[in-house]
$ cat my_file_38.txt   # compact mmCIF, C-alpha atoms and all ligand atoms
# COMPACT_ATOMS: atom_id res chain seq x y z
CA MET A 1 92.85 72.65 76.47
CA HIS A 2 90.44 75.47 77.07
CA ASP A 3 87.55 73.12 77.62
CA GLN A 4 89.25 70.24 79.40
CA PRO A 5 88.49 69.70 83.11
CA LYS A 6 91.11 71.43 85.22
CA PHE A 7 91.62 73.18 88.54
CA ILE A 8 91.88 76.94 88.29
CA PRO A 9 94.18 78.48 90.96
CA GLN A 10 92.38 79.58 94.13
CA ARG A 11 89.10 77.98 93.07
CA GLY A 12 87.30 75.23 94.90
CA THR A 13 86.23 71.82 93.67
CA ASP A 14 83.61 69.29 94.66
CA PHE A 15 85.96 66.44 93.74
CA PHE A 16 87.69 66.44 97.15
CA ALA A 17 85.71 66.22 100.36
CA ASP A 18 87.35 69.35 101.82
CA GLY A 19 86.43 71.38 98.72
CA ARG A 20 90.01 72.53 98.07
CA SER A 21 91.57 72.12 94.62
CA ALA A 22 95.06 73.01 95.92
CA ARG A 23 96.04 69.92 97.90
CA PRO A 24 97.99 70.03 101.15
CA GLN A 25 101.20 68.03 101.46
CA VAL A 26 100.50 64.35 102.02
CA GLU A 27 101.04 63.60 105.70
CA HIS A 28 104.43 62.11 106.70
CA THR A 29 106.02 63.04 103.38
CA VAL A 30 108.76 65.59 102.71
CA ALA A 31 109.26 67.47 99.48
CA ARG A 32 112.50 66.75 97.69
CA GLY A 33 115.31 68.95 99.08
CA GLN A 34 113.35 69.95 102.18
CA LEU A 35 114.27 67.21 104.60
CA HIS A 36 116.36 69.63 106.69
CA GLU A 37 117.71 66.75 108.75
CA ASP A 38 120.57 68.81 110.16
CA GLU A 39 118.49 70.86 112.55
CA TYR A 40 121.38 73.00 113.76
CA PHE A 41 122.38 73.95 110.20
CA TYR A 42 118.85 75.16 109.41
CA THR A 43 117.80 76.73 112.73
CA GLY A 44 120.98 77.55 114.65
CA LEU A 45 119.39 75.86 117.66
CA VAL A 46 119.93 72.60 119.53
CA ASP A 47 117.04 71.82 121.88
CA GLY A 48 115.87 75.39 121.42
CA LYS A 49 119.22 76.86 122.49
CA GLU A 50 121.81 78.88 120.56
CA GLN A 51 125.25 77.25 120.37
CA ASP A 52 128.79 78.49 119.99
CA ALA A 53 129.70 76.27 117.04
CA MET A 54 129.77 76.22 113.26
CA PRO A 55 127.86 73.35 111.61
CA PHE A 56 130.63 72.99 109.01
CA PRO A 57 134.37 73.76 108.91
CA VAL A 58 135.39 77.40 108.43
CA THR A 59 137.80 77.74 105.54
CA MET A 60 139.23 80.88 103.96
CA THR A 61 136.63 80.48 101.18
CA VAL A 62 133.84 80.50 103.78
CA LEU A 63 135.23 83.65 105.42
CA GLU A 64 135.63 85.41 102.09
CA ARG A 65 132.07 84.55 101.16
CA GLY A 66 130.93 85.81 104.56
CA GLN A 67 132.82 89.06 104.12
CA GLU A 68 131.36 89.61 100.67
CA ARG A 69 127.79 88.91 101.83
CA PHE A 70 128.26 90.98 105.00
CA ASN A 71 129.48 93.94 102.96
CA VAL A 72 126.44 93.66 100.68
CA TYR A 73 123.68 93.06 103.22
CA CYS A 74 124.81 94.23 106.65
CA THR A 75 127.11 97.24 106.19
CA PRO A 76 124.34 99.69 105.24
CA CYS A 77 123.28 99.61 108.90
CA HIS A 78 126.11 97.93 110.82
CA SER A 79 129.03 99.55 108.88
CA ARG A 80 132.07 97.79 107.47
CA VAL A 81 133.62 97.35 110.90
CA GLY A 82 130.35 96.28 112.50
CA ASN A 83 130.06 99.14 115.01
CA GLY A 84 126.39 99.76 114.19
CA ALA A 85 126.97 103.24 112.74
CA GLY A 86 126.29 102.44 109.09
CA MET A 87 125.05 104.96 106.53
CA ILE A 88 121.35 104.16 106.99
CA VAL A 89 121.70 104.65 110.75
CA GLN A 90 123.48 107.95 110.12
CA ARG A 91 120.43 108.95 108.09
CA GLY A 92 117.92 108.19 110.83
CA TYR A 93 117.41 104.42 111.20
CA LYS A 94 117.41 102.94 114.67
CA PRO A 95 121.02 102.38 115.80
CA ALA A 96 122.01 98.87 114.74
CA GLY A 97 123.84 96.55 117.11
CA ASN A 98 127.53 97.19 117.73
CA PHE A 99 129.24 93.79 117.37
CA HIS A 100 132.12 94.92 119.61
CA ASP A 101 130.27 95.68 122.80
CA PRO A 102 130.76 93.13 125.60
CA LYS A 103 127.20 91.79 125.35
CA ARG A 104 127.52 90.89 121.66
CA LEU A 105 131.09 89.60 122.02
CA ALA A 106 129.74 87.13 124.56
CA GLU A 107 126.92 85.86 122.31
CA PRO A 108 127.28 82.28 121.02
CA LEU A 109 128.04 82.09 117.30
CA SER A 110 124.62 80.81 116.29
CA HIS A 111 123.02 83.93 117.79
CA TYR A 112 124.14 85.75 114.63
CA PHE A 113 122.68 83.02 112.45
CA TYR A 114 119.45 83.20 114.43
CA VAL A 115 119.15 87.00 114.13
CA MET A 116 119.72 86.82 110.35
CA SER A 117 117.11 84.04 110.08
CA ASN A 118 114.41 85.61 112.23
CA GLY A 119 115.15 89.32 112.47
CA TYR A 120 115.63 91.19 115.74
CA GLY A 121 113.58 94.17 116.93
CA ALA A 122 113.82 96.86 114.26
CA MET A 123 116.03 94.66 112.10
CA PRO A 124 114.35 92.69 109.32
CA ASP A 125 115.33 89.08 108.69
CA TYR A 126 117.64 88.15 105.84
CA SER A 127 116.50 84.58 105.26
CA ALA A 128 115.23 85.35 101.75
CA GLN A 129 118.47 87.04 100.68
CA LEU A 130 120.86 84.63 102.43
CA PRO A 131 120.44 80.85 102.25
CA PRO A 132 121.54 79.04 105.45
CA ALA A 133 125.14 78.38 104.31
CA ASP A 134 125.59 82.10 103.60
CA ARG A 135 124.12 83.06 106.98
CA TRP A 136 126.70 80.82 108.66
CA ALA A 137 129.46 82.32 106.51
CA VAL A 138 128.39 85.82 107.62
CA ALA A 139 128.30 84.69 111.26
CA ALA A 140 131.86 83.34 110.92
CA TYR A 141 132.94 86.62 109.34
CA ILE A 142 131.41 88.59 112.23
CA ARG A 143 133.72 86.63 114.56
CA ALA A 144 136.66 87.63 112.34
CA LEU A 145 135.49 91.26 112.50
CA GLN A 146 135.24 91.04 116.28
CA LEU A 147 138.82 89.78 116.41
CA SER A 148 139.98 92.53 114.08
CA GLN A 149 138.53 95.29 116.25
CA ASN A 150 139.69 93.84 119.55
CA ALA A 151 143.19 92.68 118.63
CA THR A 152 146.27 93.73 120.57
CA THR A 153 149.93 93.89 119.51
CA ALA A 154 150.32 90.51 121.21
CA ASP A 155 148.14 89.02 118.44
CA VAL A 156 150.69 90.04 115.80
CA PRO A 157 153.41 87.45 115.03
CA GLN A 158 156.64 88.22 116.89
CA GLY A 159 159.12 90.34 114.98
CA THR A 160 156.46 91.96 112.80
CA GLN A 161 156.65 95.70 112.97
CA VAL A 162 153.38 97.32 113.90
CA GLU A 163 152.95 100.88 112.75
CA PRO A 164 150.43 102.98 114.63
CA LEU A 165 147.46 104.07 112.54
CA SER A 166 148.14 107.65 113.67
CA SER A 167 151.57 107.70 111.97
CA ILE A 168 150.05 106.25 108.80
CA ALA A 169 147.44 109.01 108.90
CA GLU A 170 150.19 111.59 109.30
CA GLN A 171 152.30 110.19 106.44
CA GLU A 172 149.31 110.09 104.14
CA GLY A 173 148.20 113.60 105.10
CA LEU A 174 144.90 112.31 106.50
CA PRO A 175 143.11 114.07 109.34
CA ALA A 176 144.14 112.88 112.81
CA ALA A 177 140.56 111.66 113.40
CA TYR A 178 141.29 108.95 110.81
CA ALA A 179 143.11 106.97 113.47
CA GLY A 180 140.63 107.61 116.26
CA ALA A 181 137.72 105.49 117.39
CA TRP A 182 134.83 105.74 114.97
CA ALA A 183 131.68 106.97 116.65
CA MET A 184 128.30 108.00 115.35
CA PRO A 185 128.72 111.35 113.59
CA GLU A 186 126.96 114.38 115.06
CA THR A 187 124.72 114.55 112.01
CA ALA A 188 123.18 111.19 112.88
CA VAL A 189 119.56 111.57 113.85
CA SER A 190 118.02 108.66 115.66
CA ALA A 191 114.27 108.28 115.48
CA LYS A 192 114.17 106.91 119.02
CA PRO A 193 117.40 107.48 120.91
CA THR A 194 118.14 104.28 122.79
CA GLY A 195 121.60 104.95 124.18
CA ARG A 196 122.55 101.48 122.94
CA VAL A 197 125.09 102.62 120.41
CA ALA A 198 128.20 104.67 120.04
CA ALA A 199 129.26 107.47 122.24
CA GLY A 200 128.50 110.69 120.44
CA ALA A 201 124.97 109.81 119.40
CA PRO A 202 122.73 112.67 120.42
CA GLU A 203 120.54 111.74 123.37
CA GLU A 204 117.68 113.83 122.07
CA ASP A 205 117.00 115.05 118.59
CA GLN A 206 116.84 118.57 119.97
CA ALA A 207 120.38 118.21 121.25
CA ALA A 208 121.70 118.15 117.69
CA PRO A 209 122.86 121.59 116.60
CA ALA A 210 120.08 123.31 114.68
CA SER A 211 122.38 124.19 111.79
CA LYS A 212 123.09 120.53 111.01
CA ASN A 213 121.16 118.71 108.35
CA HIS A 214 118.40 116.53 109.61
CA SER A 215 117.35 113.26 108.20
CA PRO A 216 114.67 113.38 105.55
CA MET A 217 113.14 110.41 107.39
CA ASN A 218 112.41 112.73 110.29
CA PRO A 219 110.84 115.73 108.67
CA GLU A 220 109.23 116.82 111.93
CA THR A 221 112.65 117.28 113.53
CA SER A 222 113.89 119.58 110.77
CA PRO A 223 113.42 123.19 111.78
CA ALA A 224 111.85 124.87 108.77
CA GLY A 225 114.60 127.47 108.41
CA THR A 226 117.39 124.91 108.04
CA LYS A 227 116.00 122.89 105.13
CA ASN A 228 118.42 122.61 102.28
CA THR A 229 116.86 123.67 99.06
CA SER A 230 119.83 124.71 96.97
CA PRO A 231 121.47 121.81 95.13
CA ALA A 232 124.90 123.13 96.07
CA ALA A 233 124.14 122.99 99.77
CA ALA A 234 122.54 119.56 99.50
CA GLY A 235 125.54 118.23 97.61
CA SER A 236 128.04 119.54 100.12
CA THR A 237 126.79 117.30 102.90
CA HIS A 238 126.97 113.97 101.09
C1 LIG A 301 118.15 97.99 107.77
C2 LIG A 301 119.22 98.06 108.73
C3 LIG A 301 119.89 96.76 109.12
C4 LIG A 301 120.50 95.84 108.31
C5 LIG A 301 120.67 95.91 106.81
C6 LIG A 301 121.02 94.81 109.18
N1 LIG A 301 120.71 95.09 110.48
FE1 LIG A 301 121.25 94.02 112.11
N2 LIG A 301 120.34 95.36 113.31
C7 LIG A 301 119.66 96.49 112.89
C8 LIG A 301 119.07 97.17 114.01
C9 LIG A 301 118.29 98.46 113.95
C10 LIG A 301 119.41 96.40 115.15
C11 LIG A 301 118.97 96.67 116.59
C12 LIG A 301 117.57 96.09 116.70
C13 LIG A 301 116.83 96.55 117.91
O1 LIG A 301 117.45 96.75 118.95
O2 LIG A 301 115.61 96.71 117.77
C14 LIG A 301 120.19 95.28 114.68
C15 LIG A 301 120.72 94.29 115.50
C16 LIG A 301 121.50 93.25 115.06
C17 LIG A 301 122.11 92.29 115.91
C18 LIG A 301 122.11 92.32 117.41
C19 LIG A 301 121.12 91.46 118.06
C20 LIG A 301 121.36 91.53 119.57
O3 LIG A 301 121.59 90.49 120.16
O4 LIG A 301 121.32 92.62 120.14
C21 LIG A 301 122.78 91.40 115.11
C22 LIG A 301 123.58 90.19 115.53
C23 LIG A 301 122.59 91.83 113.74
N3 LIG A 301 121.81 92.96 113.75
C24 LIG A 301 123.13 91.20 112.65
C25 LIG A 301 122.95 91.63 111.33
C26 LIG A 301 123.51 90.96 110.19
C27 LIG A 301 124.40 89.75 110.25
C28 LIG A 301 123.09 91.65 109.08
C29 LIG A 301 123.36 91.32 107.63
C30 LIG A 301 122.83 90.06 107.18
C31 LIG A 301 122.29 92.76 109.54
N4 LIG A 301 122.23 92.71 110.92
C32 LIG A 301 121.70 93.70 108.72
C33 LIG A 301 119.56 96.93 111.59
C34 LIG A 301 120.03 96.27 110.48

$ encode --input "my_file_38.txt" --output "structure tokens"
Amino acid sequence: MHDQPKFIPQRGTDFFADGRSARPQVEHTVARGQLHEDEYFYTGLVDGKEQDAMPFPVTMTVLERGQERFNVYCTPCHSRVGNGAGMIVQRGYKPAGNFHDPKRLAEPLSHYFYVMSNGYGAMPDYSAQLPPADRWAVAAYIRALQLSQNATTADVPQGTQVEPLSSIAEQEGLPAAYAGAWAMPETAVSAKPTGRVAAGAPEEDQAAPASKNHSPMNPETSPAGTKNTSPAAAGSTH
């Protein structure tokens, strides 16, 4: 085997006229499993345009899969409720999109598929982590999230008693803020404030109180005197 004629990866050959040993796909052929006939399923586009439709029926199983994948891949930046104030953003990443602002609510469904497939601005794409069916499941789940955060008492079946979150917080001895709107915490440090997310995000890094901890991703914004060096102090903020 050592001596037999063979092509070594990345090496040329004089057997083929173009000198390449690695052969390109034969024209007008498609590799098995790569036909991708359903263009909308694979691209989220019809004639280059995003559409407000799922390419397959949404069942409870699809939504549960979407929720599970969303919680794994999207919550670090977009948070569990999708308001764009996830933990990585709180630690200095560019504010991620809030799925509940009017602009995003108005986006057609396949916009979400498209963003996951191709990335968007500072957001990387998730096509390697999420095969197309999963991207659609996540998109469907985002719609469910949008409903959940914009529901009114009229959406609850008649006769069902709705208990305000504030009374639940009181009963459970939770702070009143538990029931309030969830904005970017003061400790959030945005590398480039864009004003696109959450009320409460500091407009300028300097606007954040000097005593607060600054993101390790932004060492230049941390005034030298406020660096946490003691393990006790570091632990208390996490
Ligand atoms: C590493 C952080 C990060 C993760 C993880 C992440 N995103 Fe994002 N996402 C962002 C940022 C940052 C933006 C805003 C991009 C910009 O404006 O440059 C954004 C924007 C978006 C937008 C808004 C696009 C628009 O029209 O404005 C959508 C939709 C979106 N993300 C979906 C997702 C989904 C779905 C996932 C999970 C598969 C996900 N993102 C995971 C950081 C992230």

$ residues_near_ligand --input "my_file_38.txt" --ligand "ligand LIG 301 (chain A)" --cutoff "7 Å" --atoms "all atoms listed in the file" --output "PDB file with C-alpha atoms, in the frame of the given file"
ATOM      1  CA  PHE A  70     128.260  90.980 105.000  1.00  0.00           C
ATOM      2  CA  TYR A  73     123.680  93.060 103.220  1.00  0.00           C
ATOM      3  CA  CYS A  74     124.810  94.230 106.650  1.00  0.00           C
ATOM      4  CA  THR A  75     127.110  97.240 106.190  1.00  0.00           C
ATOM      5  CA  PRO A  76     124.340  99.690 105.240  1.00  0.00           C
ATOM      6  CA  CYS A  77     123.280  99.610 108.900  1.00  0.00           C
ATOM      7  CA  HIS A  78     126.110  97.930 110.820  1.00  0.00           C
ATOM      8  CA  ILE A  88     121.350 104.160 106.990  1.00  0.00           C
ATOM      9  CA  TYR A  93     117.410 104.420 111.200  1.00  0.00           C
ATOM     10  CA  LYS A  94     117.410 102.940 114.670  1.00  0.00           C
ATOM     11  CA  PRO A  95     121.020 102.380 115.800  1.00  0.00           C
ATOM     12  CA  ALA A  96     122.010  98.870 114.740  1.00  0.00           C
ATOM     13  CA  GLY A  97     123.840  96.550 117.110  1.00  0.00           C
ATOM     14  CA  PHE A  99     129.240  93.790 117.370  1.00  0.00           C
ATOM     15  CA  ARG A 104     127.520  90.890 121.660  1.00  0.00           C
ATOM     16  CA  HIS A 111     123.020  83.930 117.790  1.00  0.00           C
ATOM     17  CA  TYR A 112     124.140  85.750 114.630  1.00  0.00           C
ATOM     18  CA  VAL A 115     119.150  87.000 114.130  1.00  0.00           C
ATOM     19  CA  MET A 116     119.720  86.820 110.350  1.00  0.00           C
ATOM     20  CA  TYR A 120     115.630  91.190 115.740  1.00  0.00           C
ATOM     21  CA  GLY A 121     113.580  94.170 116.930  1.00  0.00           C
ATOM     22  CA  ALA A 122     113.820  96.860 114.260  1.00  0.00           C
ATOM     23  CA  MET A 123     116.030  94.660 112.100  1.00  0.00           C
ATOM     24  CA  PRO A 124     114.350  92.690 109.320  1.00  0.00           C
ATOM     25  CA  TYR A 126     117.640  88.150 105.840  1.00  0.00           C
ATOM     26  CA  VAL A 138     128.390  85.820 107.620  1.00  0.00           C
ATOM     27  CA  ALA A 139     128.300  84.690 111.260  1.00  0.00           C
TER      28      ALA A 139
END

$ closest_residue --input "my_file_38.txt" --among "A:Pro24, A:Gly84, A:Pro132, A:Pro9" --to "A:Thr43" --atoms "only C-alpha atoms"
A:Pro132

$ closest_residue --input "my_file_38.txt" --among "A:Gln34, A:Ala17, A:Asn150, A:Val58" --to "A:Asp101" --atoms "all atoms listed in the file"
A:Asn150

$ atom_distance --input "my_file_38.txt" --atom1 "atom CA of A:Ala137" --atom2 "atom CA of A:Arg65"
6.4 Å
